[in-house]
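**Student:** Right, I'll just put the structure down here and ask away after.
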Amino acid sequence: MINYFLGLSSVWQAFLAAIFTWGVTMLGAAMVFCFRDIKRSIMDLLLGFSGGVMIAASFWSLLSPAIDIANNLGMISWIVVAVGFLSGGLLIFLGDKIYDAISRRCNLLEENINKRSLMLVFSITLHNIPEGLVVGVAFGSIAYGLDGASLVSALTLALGIGLQNFPEGSAVSLPLRREGFSSFKAFFLGQLSGIVEPIAAVLGALLVLKIQSLLPFLLALAAGAMIYVVVNELIPESQGGKNKNLITLFTLIGFSVMMILDIALG
């Protein structure tokens, strides 16, 4: 199985890796069949852990390789990485604003449906797009054999994204179940938020393979998108309960786990 995977093209590797991250989203969404609700404290710990994983992945799997690759390509690395990083955050910010405008214009929010639940579905689906792109970019960059781009790093990144997709799947399906959706419909919408990742992964890999000079920018863009999601969604959501100190500790643990995986295996 491993040899088969290693023998695949970068595009197929990216696609299969993103199928894995989507599968973890499905597992998280499937919690709706086991529980109508999960204790807030447990969800907070999972979200805190996921936030730590994403912060570490943003640097060691994205920004650091982006700087190395930009230097190898003769670019002014700090400009390319800074612009890419800010563009990633702006991408998610604009996506949130576009959703707000569409929801107001089309009057999508009915009285019996919680606005927060709908926004959560949309926001998680939206930020899964750059997550899929970054998986594709990570695997596509391997083809160039540049420093900072390796199969282990790409796999570690996919693992980190998969880890934080589990609570995201639950965070979509469980609130929908509480709002009166059937278990199957809540699960379907929960896993649907992750289906964009394999599609975006293929696009990211193809884009990088076609235009090598975009690689550091796209890596930094993905990092900016992930940090925006962590700061705007995961951390505030995880800190809403009572055990803030314990949640902060789990964020540090998540960061450490991802850092160890990336450094030790990379």
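Ordered as shown in the structure tokens, chains take letters A, B, and onward, while each chain numbers its residues from 1 and ligands are numbered from 1 in the order shown.
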So that I can check the surroundings of Gly190 (chain A), please list as a list in words every protein, DNA and RNA residue that reaches within 9 Å of it, counting only C-alpha atoms and ignoring chain neighbours fewer than 3 positions away.

**Tutor:** Thr25, Met26, Gly28, Ala29, Ala30, Val121, Glu168, Gly169, Ser170, Ala171, Val172, Ser173, Leu174, Leu176, Lys185, Ala186, Phe187, Ser193 and Gly194 of chain A

**Student:** Just write the chosen residues, C-alpha atoms, as a short mmCIF file (atom, residue, chain, number, x, y, z; two decimals), in the first residue's frame.

**Tutor:**
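Below you can see again-v6.cif, which holds the result:
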```cif
data_model
loop_
_atom_site.label_atom_id
_atom_site.label_comp_id
_atom_site.auth_asym_id
_atom_site.auth_seq_id
_atom_site.Cartn_x
_atom_site.Cartn_y
_atom_site.Cartn_z
CA THR A 25 -14.53 15.17 8.88
CA MET A 26 -17.05 12.40 8.23
CA GLY A 28 -16.53 13.80 13.39
CA ALA A 29 -19.92 14.37 11.79
CA ALA A 30 -20.85 10.74 12.54
CA VAL A 121 -21.64 25.28 8.17
CA GLU A 168 -15.09 20.53 12.93
CA GLY A 169 -17.32 17.73 11.62
CA SER A 170 -18.90 17.42 15.05
CA ALA A 171 -19.18 21.19 15.37
CA VAL A 172 -21.36 21.23 12.26
CA SER A 173 -23.53 18.13 12.69
CA LEU A 174 -24.30 18.37 16.42
CA LEU A 176 -27.84 21.03 13.40
CA LYS A 185 -29.36 15.10 7.49
CA ALA A 186 -27.14 16.61 10.19
CA PHE A 187 -24.43 14.05 9.36
CA SER A 193 -18.45 20.74 4.64
CA GLY A 194 -15.29 18.69 3.99
#
```

**Student:** Excluding region 198-210 of chain A and its own-chain neighbours fewer than 4 positions away, which residues fall within 12 Å of it when counting only C-alpha atoms? Please give them as an NGL selection string.

**Tutor:** :A and (9-23 or 125-145 or 154 or 158 or 192-194 or 214-219 or 221-222)

**Student:** Applying 10 Å and only C-alpha atoms, which residues near region 242-256 of chain A remain after dropping the ones on its own chain fewer than 6 positions away? List them as a list of chain:residue names.

**Tutor:**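 The neighbour list is A:Arg40, A:Ser41, A:Ile42, A:Met43, A:Asp44, A:Leu45, A:Leu46, A:Leu47, A:Gly48, A:Phe49, A:Ser50, A:Gly51, A:Gly52, A:Val53, A:Met54, A:Ile55, A:Ala56, A:Ala57, A:Gly160, A:Leu163, A:Gln164, A:Ile235, A:Asp262.
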
**Student:** Can you write out the residues you just picked, keeping C-alpha atoms, as a PDB file, in the first residue's frame?

**Tutor:**
```pdb
ATOM      1  CA  ARG A  40     -19.131  21.585  25.848  1.00  0.00           C
ATOM      2  CA  SER A  41     -15.956  20.963  27.840  1.00  0.00           C
ATOM      3  CA  ILE A  42     -14.887  18.095  25.560  1.00  0.00           C
ATOM      4  CA  MET A  43     -15.546  20.092  22.406  1.00  0.00           C
ATOM      5  CA  ASP A  44     -13.593  23.011  23.837  1.00  0.00           C
ATOM      6  CA  LEU A  45     -10.591  20.757  24.494  1.00  0.00           C
ATOM      7  CA  LEU A  46     -10.742  19.341  20.967  1.00  0.00           C
ATOM      8  CA  LEU A  47     -11.012  22.796  19.447  1.00  0.00           C
ATOM      9  CA  GLY A  48      -8.107  24.057  21.568  1.00  0.00           C
ATOM     10  CA  PHE A  49      -5.973  21.082  20.544  1.00  0.00           C
ATOM     11  CA  SER A  50      -6.887  21.626  16.887  1.00  0.00           C
ATOM     12  CA  GLY A  51      -5.962  25.295  17.145  1.00  0.00           C
ATOM     13  CA  GLY A  52      -2.504  24.370  18.418  1.00  0.00           C
ATOM     14  CA  VAL A  53      -2.044  21.853  15.607  1.00  0.00           C
ATOM     15  CA  MET A  54      -3.005  24.413  12.966  1.00  0.00           C
ATOM     16  CA  ILE A  55      -0.724  27.121  14.376  1.00  0.00           C
ATOM     17  CA  ALA A  56       2.269  24.766  14.359  1.00  0.00           C
ATOM     18  CA  ALA A  57       1.429  23.478  10.879  1.00  0.00           C
ATOM     19  CA  GLY A 160      -2.562  17.815  11.172  1.00  0.00           C
ATOM     20  CA  LEU A 163      -6.855  15.992  13.296  1.00  0.00           C
ATOM     21  CA  GLN A 164      -8.544  19.367  13.414  1.00  0.00           C
ATOM     22  CA  ILE A 235      -9.675  29.889  19.831  1.00  0.00           C
ATOM     23  CA  ASP A 262       7.097  17.921  11.589  1.00  0.00           C
TER      24      ASP A 262
END
```

**Student:** Take CA of Leu234 (chain A) and CA of Asp96 (chain A) and report the distance between them in Å, one decimal.

**Tutor:**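 Going from CA of Leu234 (chain A) over to CA of Asp96 (chain A) covers 14.9 Å.
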
**Student:** Work out how far CA of Ile161 (chain A) is from CA of Leu27 (chain A), in Å to one decimal.

**Tutor:**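 Computing the Euclidean distance for CA of Leu27 (chain A) and CA of Ile161 (chain A) yields 13.7 Å.
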
**Student:** Quick check, in Å to one decimal: how far apart do CA of Asn3 (chain A) and CA of Thr156 (chain A) lie?

**Tutor:** 17.6 Å

**Student:** Can you list, as a list of chain:residue names, every protein, DNA or RNA residue that comes within 8 Å of region 85-89 of chain A when you count only C-alpha atoms, leaving out same-chain residues fewer than 2 positions away?

**Tutor:** A:Val81, A:Ala82, A:Val83, A:Leu91, A:Ile92, A:Phe93, A:Phe217, A:Ala220, A:Leu221, A:Ala222, A:Ala223, A:Gly224, A:Ala225, A:Met226, A:Ile227, A:Tyr228
